[in-house]
Each structure stands twice: as structure tokens, then as C-alpha cells.
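Trainee: Provided below: structure-v4.cif, containing mmCIF, C-alpha atoms and all ligand atoms.
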data_data
#
loop_
_atom_site.label_atom_id
_atom_site.label_comp_id
_atom_site.auth_asym_id
_atom_site.auth_seq_id
_atom_site.Cartn_x
_atom_site.Cartn_y
_atom_site.Cartn_z
CA MET M 1 -28.76 -3.32 -2.66
CA ARG M 2 -27.74 -5.87 -0.01
CA VAL M 3 -23.98 -5.82 0.40
CA ALA M 4 -21.66 -8.09 2.42
CA VAL M 5 -18.84 -5.89 3.70
CA PHE M 6 -15.84 -8.12 4.48
CA SER M 7 -12.79 -7.32 6.68
CA THR M 8 -14.84 -4.73 8.53
CA LYS M 9 -13.06 -2.72 11.22
CA PRO M 10 -14.94 -0.26 13.45
CA TYR M 11 -13.69 2.69 11.37
CA ASP M 12 -14.92 1.05 8.12
CA GLU M 13 -18.38 0.61 9.61
CA ALA M 14 -18.55 4.18 10.96
CA PHE M 15 -17.49 5.84 7.70
CA LEU M 16 -19.55 3.55 5.42
CA ARG M 17 -22.69 4.04 7.55
CA LYS M 18 -22.22 7.81 7.30
CA ALA M 19 -21.65 7.70 3.52
CA ASN M 20 -24.71 5.45 3.12
CA GLY M 21 -26.87 8.31 4.42
CA ASP M 22 -30.51 7.32 4.58
CA GLY M 23 -29.63 3.70 4.01
CA ASP M 24 -29.68 3.41 0.23
CA HIS M 25 -27.91 0.09 0.63
CA GLU M 26 -28.35 -2.64 3.21
CA LEU M 27 -24.82 -3.11 4.50
CA LEU M 28 -24.03 -6.37 6.27
CA PHE M 29 -20.83 -5.73 8.24
CA LEU M 30 -18.64 -8.83 8.57
CA GLU M 31 -15.33 -9.07 10.43
CA PRO M 32 -13.86 -12.11 8.57
CA ARG M 33 -11.68 -11.71 5.54
CA LEU M 34 -13.19 -12.75 2.25
CA ASN M 35 -11.92 -16.05 0.88
CA ALA M 36 -13.44 -19.22 -0.57
CA GLY M 37 -14.32 -20.42 2.95
CA THR M 38 -16.07 -17.22 4.05
CA ALA M 39 -17.76 -16.45 0.71
CA PRO M 40 -21.02 -18.18 1.82
CA LEU M 41 -21.46 -15.34 4.36
CA ALA M 42 -22.50 -13.28 1.31
CA GLU M 43 -25.59 -15.50 0.87
CA SER M 44 -28.52 -13.40 -0.42
CA CYS M 45 -26.26 -10.41 -1.11
CA GLU M 46 -25.96 -8.96 -4.62
CA ALA M 47 -22.60 -7.39 -3.87
CA VAL M 48 -19.52 -7.78 -1.73
CA CYS M 49 -17.30 -4.99 -0.50
CA ALA M 50 -13.66 -6.03 -0.02
CA PHE M 51 -10.33 -4.65 1.20
CA VAL M 52 -6.71 -5.14 0.15
CA ASN M 53 -5.98 -8.48 1.80
CA ASP M 54 -9.28 -10.12 0.92
CA ASP M 55 -8.87 -12.97 -1.53
CA LEU M 56 -10.84 -12.52 -4.72
CA GLY M 57 -9.19 -15.38 -6.57
CA ALA M 58 -11.04 -17.72 -8.92
CA GLU M 59 -12.20 -20.10 -6.17
CA THR M 60 -13.67 -17.30 -4.04
CA LEU M 61 -15.33 -15.68 -7.04
CA GLN M 62 -16.91 -19.00 -8.05
CA ALA M 63 -18.30 -19.38 -4.51
CA LEU M 64 -19.62 -15.80 -4.59
CA ALA M 65 -21.24 -16.29 -8.00
CA ALA M 66 -22.88 -19.49 -6.74
CA HIS M 67 -24.46 -17.39 -3.96
CA GLY M 68 -25.80 -14.83 -6.43
CA VAL M 69 -23.14 -12.10 -6.02
CA SER M 70 -22.69 -10.07 -9.21
CA PHE M 71 -20.65 -7.08 -8.01
CA ALA M 72 -17.43 -6.59 -6.04
CA ALA M 73 -16.81 -3.07 -4.72
CA LEU M 74 -13.17 -2.76 -3.66
CA ARG M 75 -12.32 -0.30 -0.88
CA SER M 76 -8.88 0.15 -2.44
CA ALA M 77 -7.07 1.59 -5.43
CA GLY M 78 -5.03 -1.56 -6.07
CA PHE M 79 -6.78 -4.61 -7.55
CA ASN M 80 -3.93 -7.14 -7.72
CA HIS M 81 -5.92 -9.38 -5.33
CA VAL M 82 -8.73 -9.91 -7.87
CA ASP M 83 -8.70 -12.54 -10.62
CA LEU M 84 -10.27 -10.27 -13.24
CA ARG M 85 -10.40 -13.02 -15.86
CA ALA M 86 -12.41 -15.26 -13.53
CA ALA M 87 -14.64 -12.34 -12.53
CA ALA M 88 -15.42 -11.55 -16.18
CA ALA M 89 -16.13 -15.21 -16.95
CA LEU M 90 -18.49 -15.44 -13.95
CA GLY M 91 -20.28 -12.17 -14.77
CA ILE M 92 -19.06 -10.42 -11.60
CA ALA M 93 -18.42 -6.73 -12.20
CA VAL M 94 -15.60 -5.14 -10.21
CA ALA M 95 -15.08 -1.50 -9.23
CA ARG M 96 -12.41 0.25 -7.15
CA VAL M 97 -11.62 3.57 -5.49
CA PRO M 98 -8.89 4.92 -7.77
CA ASP M 99 -8.21 8.26 -6.19
CA TYR M 100 -9.01 8.78 -2.53
CA SER M 101 -6.14 10.81 -1.17
CA PRO M 102 -2.78 10.54 -2.85
CA HIS M 103 -1.62 13.00 -0.17
CA ALA M 104 -2.31 10.45 2.59
CA VAL M 105 0.07 7.85 1.11
CA ALA M 106 2.67 10.34 -0.18
CA GLU M 107 2.83 12.11 3.20
CA HIS M 108 3.21 8.80 5.06
CA CYS M 109 6.02 7.91 2.68
CA ALA M 110 7.72 11.23 3.44
CA ALA M 111 7.25 10.48 7.16
CA LEU M 112 9.09 7.15 6.72
CA VAL M 113 11.93 8.91 4.88
CA LEU M 114 12.27 11.55 7.62
CA ALA M 115 12.01 9.07 10.50
CA LEU M 116 14.51 6.63 8.97
CA ASN M 117 16.98 9.38 8.15
CA ARG M 118 16.87 11.06 11.58
CA LYS M 119 16.23 7.77 13.44
CA THR M 120 13.17 9.25 15.13
CA HIS M 121 11.90 5.78 16.08
CA ARG M 122 15.12 5.09 17.99
CA ALA M 123 15.36 8.59 19.47
CA TYR M 124 11.81 8.28 20.85
CA ASN M 125 12.67 5.09 22.71
CA ARG M 126 15.98 6.48 23.98
CA VAL M 127 14.47 9.65 25.42
CA ARG M 128 11.73 7.68 27.15
CA GLU M 129 14.53 5.83 28.97
CA HIS M 130 16.37 9.09 29.72
CA ASN M 131 19.13 8.18 27.27
CA PHE M 132 20.01 11.49 25.65
CA ALA M 133 23.12 10.30 23.81
CA LEU M 134 23.25 11.14 20.09
CA THR M 135 25.68 8.43 18.99
CA GLY M 136 24.00 6.34 16.29
CA LEU M 137 21.41 9.00 15.44
CA LEU M 138 23.42 10.80 12.74
CA GLY M 139 21.29 11.68 9.71
CA PHE M 140 21.88 13.60 6.49
CA ASP M 141 20.41 16.72 4.88
CA LEU M 142 17.69 15.82 2.43
CA HIS M 143 18.41 19.08 0.62
CA GLY M 144 20.60 18.35 -2.38
CA ARG M 145 20.03 14.58 -2.28
CA THR M 146 18.62 12.62 -5.24
CA VAL M 147 15.32 10.79 -4.86
CA GLY M 148 14.27 8.14 -7.38
CA VAL M 149 10.51 7.70 -7.71
CA VAL M 150 9.38 4.50 -9.43
CA GLY M 151 5.87 5.18 -10.77
CA THR M 152 4.61 8.75 -10.95
CA GLY M 153 0.85 8.27 -10.97
CA LYS M 154 -1.26 10.12 -8.43
CA ILE M 155 0.76 9.09 -5.35
CA GLY M 156 4.23 9.07 -6.92
CA ALA M 157 3.73 12.55 -8.44
CA CYS M 158 2.54 13.86 -5.06
CA PHE M 159 5.56 12.32 -3.29
CA ALA M 160 7.86 13.77 -5.98
CA ARG M 161 6.45 17.25 -5.29
CA ILE M 162 6.98 16.85 -1.53
CA MET M 163 10.60 15.76 -1.99
CA ALA M 164 11.24 18.56 -4.50
CA GLY M 165 10.01 20.88 -1.73
CA PHE M 166 12.84 19.63 0.51
CA GLY M 167 15.30 20.70 -2.19
CA CYS M 168 15.91 17.20 -3.53
CA ARG M 169 16.67 16.39 -7.15
CA VAL M 170 13.89 14.02 -8.21
CA LEU M 171 14.40 11.33 -10.84
CA ALA M 172 11.54 9.13 -11.97
CA SER M 173 10.81 6.07 -14.06
CA ASP M 174 7.36 5.48 -15.49
CA PRO M 175 6.27 4.29 -18.94
CA PHE M 176 3.76 7.17 -18.88
CA PRO M 177 5.45 10.38 -17.65
CA SER M 178 3.15 12.68 -15.68
CA GLU M 179 2.62 16.35 -16.58
CA ALA M 180 2.25 17.14 -12.87
CA ALA M 181 5.62 15.54 -12.11
CA LEU M 182 7.35 17.24 -15.04
CA ALA M 183 5.93 20.57 -13.85
CA ALA M 184 7.52 19.88 -10.43
CA GLY M 185 10.91 19.51 -12.11
CA VAL M 186 11.05 15.70 -12.12
CA GLU M 187 13.56 14.22 -14.57
CA TYR M 188 12.50 10.96 -16.25
CA THR M 189 14.97 8.17 -16.88
CA ASP M 190 15.12 4.36 -17.08
CA LEU M 191 14.96 2.35 -13.85
CA GLU M 192 18.48 1.03 -14.58
CA ASP M 193 19.79 4.64 -14.64
CA LEU M 194 17.63 5.83 -11.74
CA LEU M 195 18.87 3.19 -9.27
CA PRO M 196 22.61 4.01 -9.30
CA ALA M 197 21.89 7.76 -9.23
CA SER M 198 19.47 7.84 -6.25
CA ASP M 199 20.15 8.25 -2.52
CA ILE M 200 16.51 7.35 -1.82
CA VAL M 201 14.39 5.01 -3.97
CA SER M 202 10.62 5.02 -3.41
CA LEU M 203 8.18 2.63 -5.08
CA HIS M 204 4.79 3.86 -6.29
CA CYS M 205 3.89 1.58 -9.20
CA PRO M 206 1.12 -1.03 -9.02
CA LEU M 207 1.78 -4.72 -8.46
CA THR M 208 1.31 -6.58 -11.75
CA PRO M 209 2.95 -9.72 -13.17
CA GLU M 210 5.50 -7.37 -14.79
CA THR M 211 6.36 -5.52 -11.56
CA HIS M 212 6.45 -8.60 -9.27
CA HIS M 213 9.91 -8.52 -7.56
CA LEU M 214 10.82 -5.43 -9.58
CA ILE M 215 13.44 -4.83 -6.89
CA ASP M 216 15.47 -8.04 -6.88
CA ALA M 217 19.12 -8.89 -6.11
CA GLU M 218 20.29 -7.68 -9.52
CA ARG M 219 18.62 -4.28 -9.15
CA ILE M 220 19.73 -3.93 -5.52
CA ALA M 221 23.31 -4.41 -6.77
CA LEU M 222 22.78 -1.37 -9.04
CA MET M 223 21.79 0.86 -6.10
CA ARG M 224 24.12 3.26 -4.29
CA PRO M 225 25.83 1.77 -1.23
CA GLY M 226 23.76 2.81 1.80
CA VAL M 227 20.67 3.64 -0.28
CA MET M 228 17.33 4.24 1.46
CA LEU M 229 14.61 2.03 -0.04
CA VAL M 230 10.96 2.81 0.72
CA ASN M 231 7.96 0.74 -0.33
CA THR M 232 4.46 2.06 0.37
CA SER M 233 2.92 0.44 -2.71
CA ARG M 234 2.63 -3.37 -2.59
CA GLY M 235 4.86 -5.85 -0.76
CA ALA M 236 5.64 -8.15 -3.68
CA LEU M 237 7.27 -5.32 -5.64
CA VAL M 238 10.39 -6.26 -3.68
CA ASP M 239 12.04 -9.64 -3.28
CA THR M 240 12.19 -9.68 0.53
CA ALA M 241 15.00 -12.26 0.72
CA ALA M 242 17.16 -10.13 -1.60
CA VAL M 243 16.37 -7.03 0.48
CA ILE M 244 17.48 -8.82 3.67
CA ASP M 245 20.76 -9.74 1.93
CA GLY M 246 21.10 -6.09 0.86
CA LEU M 247 20.61 -4.93 4.47
CA LYS M 248 23.16 -7.45 5.75
CA SER M 249 25.78 -6.38 3.21
CA GLY M 250 25.10 -2.66 3.86
CA ARG M 251 24.10 -1.98 0.26
CA ILE M 252 20.72 -0.95 1.67
CA GLY M 253 21.35 1.54 4.48
CA HIS M 254 17.73 2.20 5.42
CA LEU M 255 14.51 0.37 4.64
CA GLY M 256 11.00 1.78 5.09
CA LEU M 257 8.03 -0.48 4.49
CA ASP M 258 4.30 0.10 4.80
CA VAL M 259 3.59 -3.09 2.86
CA TYR M 260 5.04 -6.59 3.04
CA GLU M 261 4.87 -9.58 0.70
CA GLU M 262 3.20 -11.85 3.28
CA GLU M 263 1.25 -9.11 5.06
CA ASP M 264 -2.11 -10.85 4.71
CA GLU M 265 -1.05 -13.20 7.53
CA LEU M 266 -0.21 -10.27 9.83
CA PHE M 267 -1.46 -6.80 9.07
CA PHE M 268 -4.64 -5.13 10.35
CA GLU M 269 -4.84 -7.51 13.35
CA ASP M 270 -3.63 -7.22 16.96
CA LEU M 271 -1.26 -10.19 17.26
CA SER M 272 0.63 -8.76 20.23
CA ASP M 273 -0.07 -11.76 22.48
CA GLN M 274 0.75 -14.35 19.82
CA VAL M 275 3.96 -15.93 18.54
CA ILE M 276 4.51 -14.81 14.95
CA GLY M 277 5.38 -17.71 12.66
CA ASP M 278 6.91 -15.50 9.99
CA ASP M 279 10.68 -15.60 10.54
CA VAL M 280 11.35 -13.38 7.53
CA PHE M 281 9.22 -10.61 9.00
CA ASP M 282 10.91 -10.94 12.37
CA ARG M 283 14.35 -10.83 10.70
CA LEU M 284 13.37 -7.61 8.92
CA ASN M 285 11.98 -6.14 12.13
CA ALA M 286 15.23 -6.90 13.96
CA PHE M 287 17.37 -4.51 11.86
CA PRO M 288 17.87 -1.15 13.57
CA ASN M 289 17.71 0.63 10.21
CA VAL M 290 14.34 -0.82 9.18
CA LEU M 291 11.05 0.92 9.93
CA ILE M 292 7.84 -0.98 9.21
CA THR M 293 4.26 0.27 9.48
CA GLY M 294 1.29 -2.04 8.98
CA HIS M 295 -0.28 -0.76 5.74
CA GLN M 296 -1.43 2.49 7.32
CA ALA M 297 -0.28 4.95 4.65
CA PHE M 298 -3.87 5.46 3.44
CA PHE M 299 -5.24 5.92 6.96
CA THR M 300 -6.31 9.56 7.22
CA VAL M 301 -9.79 10.97 7.86
CA GLU M 302 -9.86 12.49 4.38
CA ALA M 303 -8.89 9.21 2.70
CA ILE M 304 -11.33 7.04 4.67
CA GLU M 305 -14.17 9.50 4.00
CA ALA M 306 -13.35 9.46 0.27
CA ILE M 307 -13.06 5.65 0.20
CA ALA M 308 -16.49 5.31 1.86
CA ALA M 309 -18.12 7.91 -0.43
CA THR M 310 -16.72 6.35 -3.62
CA THR M 311 -17.62 2.84 -2.47
CA ILE M 312 -21.24 3.88 -1.92
CA ALA M 313 -21.20 5.69 -5.31
CA ASN M 314 -19.89 2.51 -6.99
CA LEU M 315 -22.66 0.45 -5.35
CA THR M 316 -25.36 2.95 -6.37
CA ALA M 317 -24.07 3.15 -9.95
CA PHE M 318 -24.03 -0.63 -10.19
CA ALA M 319 -27.61 -0.83 -8.87
CA TRP M 320 -28.79 1.60 -11.56
CA THR M 321 -26.58 0.81 -14.55
CA GLY M 322 -24.91 -2.56 -13.94
CA ALA M 323 -21.43 -0.99 -13.66
CA GLY M 324 -19.59 0.90 -10.93
CA VAL M 325 -18.42 4.49 -11.38
CA TYR M 326 -14.83 3.23 -11.48
CA PRO M 327 -14.98 -0.21 -13.10
CA VAL M 328 -11.94 -2.46 -13.20
CA ALA M 329 -11.79 -4.64 -16.28
CA LEU M 330 -9.30 -6.71 -18.21
CA ASP M 331 -7.10 -4.68 -20.62
P1 LIG U 401 -1.71 5.27 -10.32
O1 LIG U 401 -2.39 4.28 -11.17
O2 LIG U 401 -2.17 6.69 -10.32
O3 LIG U 401 -0.14 5.30 -10.70
C1 LIG U 401 0.65 4.17 -10.92
C2 LIG U 401 1.77 4.59 -11.86
O4 LIG U 401 2.70 3.52 -11.96
C3 LIG U 401 1.27 4.90 -13.29
O5 LIG U 401 1.73 6.17 -13.69
C4 LIG U 401 1.91 3.79 -14.12
O6 LIG U 401 2.24 4.22 -15.45
C5 LIG U 401 3.15 3.49 -13.30
N1 LIG U 401 3.79 2.21 -13.60
C6 LIG U 401 3.20 1.03 -13.99
N2 LIG U 401 4.15 0.09 -14.17
C7 LIG U 401 5.35 0.69 -13.91
C8 LIG U 401 6.69 0.24 -13.92
N3 LIG U 401 7.02 -1.02 -14.25
N4 LIG U 401 7.67 1.12 -13.60
C9 LIG U 401 7.37 2.39 -13.25
N5 LIG U 401 6.12 2.89 -13.23
C10 LIG U 401 5.11 2.02 -13.55
O7 LIG U 401 -1.71 4.67 -8.86
P2 LIG U 401 -1.58 5.44 -7.46
O8 LIG U 401 -2.91 5.90 -7.01
O9 LIG U 401 -0.46 6.43 -7.57
O10 LIG U 401 -1.15 4.24 -6.51
C11 LIG U 401 0.07 3.55 -6.70
C12 LIG U 401 0.07 2.29 -5.86
O11 LIG U 401 0.10 2.64 -4.48
C13 LIG U 401 -1.20 1.43 -5.99
O12 LIG U 401 -1.10 0.54 -7.09
C14 LIG U 401 -1.23 0.68 -4.69
O13 LIG U 401 -0.56 -0.56 -4.86
C15 LIG U 401 -0.42 1.56 -3.74
N6 LIG U 401 -1.22 2.10 -2.64
C16 LIG U 401 -0.81 1.87 -1.36
C17 LIG U 401 -1.54 2.39 -0.30
C18 LIG U 401 -1.11 2.19 1.14
O14 LIG U 401 -1.90 2.46 2.06
N7 LIG U 401 0.11 1.76 1.40
C19 LIG U 401 -2.70 3.12 -0.55
C20 LIG U 401 -3.08 3.35 -1.88
C21 LIG U 401 -2.33 2.83 -2.91
#
As C-alpha cells, how would this structure be written, given the file I've shared?
Mentor:
Amino acid sequence: MRVAVFSTKPYDEAFLRKANGDGDHELLFLEPRLNAGTAPLAESCEAVCAFVNDDLGAETLQALAAHGVSFAALRSAGFNHVDLRAAAALGIAVARVPDYSPHAVAEHCAALVLALNRKTHRAYNRVREHNFALTGLLGFDLHGRTVGVVGTGKIGACFARIMAGFGCRVLASDPFPSEAALAAGVEYTDLEDLLPASDIVSLHCPLTPETHHLIDAERIALMRPGVMLVNTSRGALVDTAAVIDGLKSGRIGHLGLDVYEEEDELFFEDLSDQVIGDDVFDRLNAFPNVLITGHQAFFTVEAIEAIAATTIANLTAFAWTGAGVYPVALD
């Protein structure tokens, strides 16, 4: 099958070429992001392969359908960037990579918690300048602290196990409690009870219309003063303006982000010689108690290998049966 692979980075190309083995599929590697303007690049392709910040809204899907595309293979678990209703109406099947390495994301989340707590990012810069003072680097023992995990699917359950390993009490909210999390000693409760009881709140639920701005001013007001909030899931789970107010008032004592509401304008690109037009991002970045990474939680060898293998499997399954191995469809 001829496939237009959008948002290609060198690592995507290397791992997809390897997974494609003898060349079952003809992969056309394209650097631009997918949107309505770039969709014509998929001319004469039956499928597109897209990443998290590609735009698979109705307009893009219409343009793809007009060029004969009938399959979208997502190189991601999340599919909030796809208009599934439009895809179904246009006869474009969609598949994703549901389970590539929950460890990759959960471990990165734990790394954010540890770095924020012990101020490793600040200590690194100080020592490089021969400043060995400890003032301002005071952390706290994780042991005995309470961690609230919002969403205990594959990643949340893995993160819950890691934090239980540090000796934390782990609370969780999820409409579908996980056996794995219960086995790790996780206690389920409502979000409204989890927030005031947690020293650390970590988000692991998908972005849906129901979870958009799940963490807003009202819910921040329920949190413990000085709480650590970590979001490695999707940026729009938090209302960024409310989070900035929470940081200014001290209600939020530490913030760790691997995702950001407006990240599609910034992340995955080297903008180091450009002026960033996003004042909200720069405000966030200016707080000493905020640590931001650019959507890299998934970025391990194991995860990229699994993403490439499942993407090729989805393409092959679609070529033979008309559906991917892991189809995404409307409920
Ligand atoms: P999953 O589907 O296994 O788990 C999601 C869980 O969230 C489910 O148990 C679901 O019941 C729960 N949930 C849904 N709505 C909820 C709500 N309102 N409150 C609490 N829980 C709710 O997904 P996963 O593989 O664990 O991934 C979770 C999310 O992580 C993905 O949706 C994606 O957005 C994000 N992610 C980020 C990266 C990264 O690199 N930063 C990589 C992969 C995934």
C-alpha cells in the first residue's frame, strides 16, 4: 500500500523503514504536518500515517478523501485530533497504537515528579556555574505522601505502581477501576475527594469533550496548598490560565508538563533562533517551580519500535481486511 507519512522526523523514518522489512508498503516520508493545506501531498496514496499534532479535522479528511485516501494510521494512542464522525461519513477508516509502552510515559512522569521535588533542573544549572549552595533546593520525602492518579488505564496504573514503590499512598479516580491498580493497593475515590487529599496529582485520562479543562479554577481551589500537578496526558485537560493563577497564588507549588494546550504551534520543532509568540507558554516557563518537556514522555527505543511495528501491522491489516488491527470508531 502507498502511504503518506506526515510529520516525519529522522527517528520515525528509521524505525518505520525497519518495521516495514522487505518493503510491504511504499512509505512516502513527508516532513510537513498534515492539515487541509498539506493533504494534497497524499495524492495517489491509499493511506496516511499521522502523529499527535497532525490535524485530522473534517476539512483535512475531506481533502484526503478527495485524493483517494481511505485509511488513517495514527502513530499515537490518543485520537482526540481526529474528527471520527467526519471520517466515518467519508469512508476513511482510522486505527491507532493503543499500547506501545506504558512504562515509557509512566517513567517520564515519575522523572518529572522527582526532578520537580528535588529541583534537579535548578541544581544542574547551579553546579555548572560552580554554585554549590543548597538554599532553594529543599525537597520532601516521597515516602508517606499521597499521590492522586486521574485515570488508571495502562499508563496511570503503571505510574500508580511506581509511586506505590516509593512508599506513597495512591488514590485514583477512574469510572472503570483497574484490577492491576487495585492489586498495587490503589484506593479509588471521586475526583472531588482525591484532589484535597493528594500531595501530587497526575493526569492520565484521555482528552475528550468531557475531560476538556478537567482541571479548572474550581478544581484547583480544591487542591492542597502547594500541591504538585503533573500532566503527561494531553494539554487541554488543564485550563492553562487557571493553572498560572494557581502558581501565582501558591496553591500549585510545582507544575510538571509534558503536554501543553497550544503545543502544536511549538513542540517537536527547533525554534531556538525564533521569537516565540506564545506569551502564555513563556509565562509558564518563567516560573522556577515549573518543569516543561516537549511531549517526549513516549520517546524510548522500546516505545518507538512498538509504535512502528503496530503502525505497519495496522497498514497490513487494512490492506487485507479493510480495517486496522486497532480500529478507532465512534462509540
Ligand atoms: P487508556 O485508555 O489505557 O487509559 C485511560 C483511562 O482513563 C481509562 O481507564 C479511562 O477509564 C480513564 N478515564 C476516562 N475518562 C476519565 C475521567 N473523566 N476521569 C478519570 N479517568 C478517566 O490510555 P493510556 O494508554 O493509559 O493513555 C492515557 C493518555 O496518555 C492517552 O489518552 C494520551 O492522551 C496520553 N499519552 C501521552 C503520551 C506522551 O508522550 N505524553 C504518550 C501516550 C499517551
Trainee: Could you tell me how far atom CA of Ala77 of chain M sits from atom CA of Ala180 of chain M, in Å to one decimal place?
Mentor: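 Spanning atom CA of Ala180 of chain M to atom CA of Ala77 of chain M is a straight-line distance of 19.6 Å.
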Trainee: Can you pull out every residue within 12 Å of Leu64 of chain M, counting only C-alpha atoms, but drop anything in the same chain fewer than 6 positions away, and send it as an NGL selection string?
Mentor: :M and (3-4 or 34-49 or 55-58 or 70-72 or 86-87 or 90-93)
Trainee: Can I get the selected residues back with C-alpha atoms, as a tab-separated table (two decimals), keeping the file's coordinate frame?
Mentor:
chain	number	residue	atom	x	y	z
M	3	VAL	CA	-23.98	-5.82	0.40
M	4	ALA	CA	-21.66	-8.09	2.42
M	34	LEU	CA	-13.19	-12.75	2.25
M	35	ASN	CA	-11.92	-16.05	0.88
M	36	ALA	CA	-13.44	-19.22	-0.57
M	37	GLY	CA	-14.32	-20.42	2.95
M	38	THR	CA	-16.07	-17.22	4.05
M	39	ALA	CA	-17.76	-16.45	0.71
M	40	PRO	CA	-21.02	-18.18	1.82
M	41	LEU	CA	-21.46	-15.34	4.36
M	42	ALA	CA	-22.50	-13.28	1.31
M	43	GLU	CA	-25.59	-15.50	0.87
M	44	SER	CA	-28.52	-13.40	-0.42
M	45	CYS	CA	-26.26	-10.41	-1.11
M	46	GLU	CA	-25.96	-8.96	-4.62
M	47	ALA	CA	-22.60	-7.39	-3.87
M	48	VAL	CA	-19.52	-7.78	-1.73
M	49	CYS	CA	-17.30	-4.99	-0.50
M	55	ASP	CA	-8.87	-12.97	-1.53
M	56	LEU	CA	-10.84	-12.52	-4.72
M	57	GLY	CA	-9.19	-15.38	-6.57
M	58	ALA	CA	-11.04	-17.72	-8.92
M	70	SER	CA	-22.69	-10.07	-9.21
M	71	PHE	CA	-20.65	-7.08	-8.01
M	72	ALA	CA	-17.43	-6.59	-6.04
M	86	ALA	CA	-12.41	-15.26	-13.53
M	87	ALA	CA	-14.64	-12.34	-12.53
M	90	LEU	CA	-18.49	-15.44	-13.95
M	91	GLY	CA	-20.28	-12.17	-14.77
M	92	ILE	CA	-19.06	-10.42	-11.60
M	93	ALA	CA	-18.42	-6.73	-12.20
Trainee: At a cut-off of 9 Å and counting only C-alpha atoms and all ligand atoms, what residues surround ligand LIG 401 (chain U)? Please answer as a PyMOL selection string.
Mentor: chain M and resi 76-80+98-102+104-106+108-109+149-158+172-178+190-191+203-208+210-211+214+231-235+257-259+294-299
Trainee: By how many Å are atom CA of Phe15 of chain M and atom CA of Glu31 of chain M apart?
Mentor: 15.3 Å
Trainee: Work out how far apart atom CA of Leu114 of chain M and atom CA of Thr135 of chain M are and give it in Å to one decimal.
Mentor: 17.9 Å
Trainee: Excluding Asp216 of chain M and residues on its chain fewer than 3 positions from it, collect all residues at most 12 Å away from it, counting only C-alpha atoms, and give them as a list in words.
Mentor: Leu195, Thr211, His212, His213, Arg219, Ile220, Ala221, Leu222, Met223, Ala236, Leu237, Val238, Asp239, Thr240, Ala241, Ala242, Val243, Ile244, Asp245 and Gly246 of chain M
Trainee: Given the choices M:Asp54, M:Ala110, M:Ala133, M:Val325, which gets closest to Met163 of chain M if the distance is worked out from only C-alpha atoms?
Mentor: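 Looking only at the distances to Met163 of chain M, the closest residue turns out to be M:Ala110.
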Trainee: If you take all atoms listed in the file and a cut-off of 10 Å, which residues of segment 134-234 of chain M touch segment 272-290 of chain M, and what are their nearest atom pairs and distances in Å to one decimal, in chain and number order, as a tab-separated table?
Mentor:
residue	atom	partner	partner_atom	distance
M:Met228	CA	M:Asn289	CA	9.5
M:Leu229	CA	M:Val290	CA	9.7
M:Val230	CA	M:Val290	CA	9.8
Trainee: Can you work out which one of M:Ala183, M:Ala63, M:Gly144, M:Ile200 has the shortest atom-to-atom distance to Asn117 of chain M, counting all atoms listed in the file?
Mentor: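 With all atoms listed in the file as the atom set, the closest residue is M:Ile200.
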Trainee: Is it possible to produce a file of segment 30-50 of chain M from this structure, with C-alpha atoms, as an mmCIF file, in the first residue's frame?
Mentor:
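That gives us selection11.cif:
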data_model
loop_
_atom_site.group_PDB
_atom_site.id
_atom_site.type_symbol
_atom_site.label_atom_id
_atom_site.label_comp_id
_atom_site.auth_asym_id
_atom_site.auth_seq_id
_atom_site.Cartn_x
_atom_site.Cartn_y
_atom_site.Cartn_z
ATOM 1 C CA LEU M 30 6.936 13.830 4.422
ATOM 2 C CA GLU M 31 8.194 16.438 6.885
ATOM 3 C CA PRO M 32 5.125 18.756 6.886
ATOM 4 C CA ARG M 33 2.331 18.342 9.353
ATOM 5 C CA LEU M 34 -0.936 17.051 7.989
ATOM 6 C CA ASN M 35 -3.655 19.664 7.615
ATOM 7 C CA ALA M 36 -6.126 20.733 4.940
ATOM 8 C CA GLY M 37 -3.350 22.616 3.113
ATOM 9 C CA THR M 38 -0.867 19.725 3.052
ATOM 10 C CA ALA M 39 -3.417 16.943 2.441
ATOM 11 C CA PRO M 40 -2.803 17.054 -1.366
ATOM 12 C CA LEU M 41 0.706 15.681 -0.668
ATOM 13 C CA ALA M 42 -1.103 12.360 -0.127
ATOM 14 C CA GLU M 43 -2.116 12.317 -3.816
ATOM 15 C CA SER M 44 -2.142 8.718 -5.110
ATOM 16 C CA CYS M 45 -1.759 7.294 -1.593
ATOM 17 C CA GLU M 46 -4.369 4.932 -0.135
ATOM 18 C CA ALA M 47 -3.369 5.737 3.423
ATOM 19 C CA VAL M 48 -1.881 8.457 5.573
ATOM 20 C CA CYS M 49 0.166 7.943 8.705
ATOM 21 C CA ALA M 50 -0.184 10.771 11.241
#
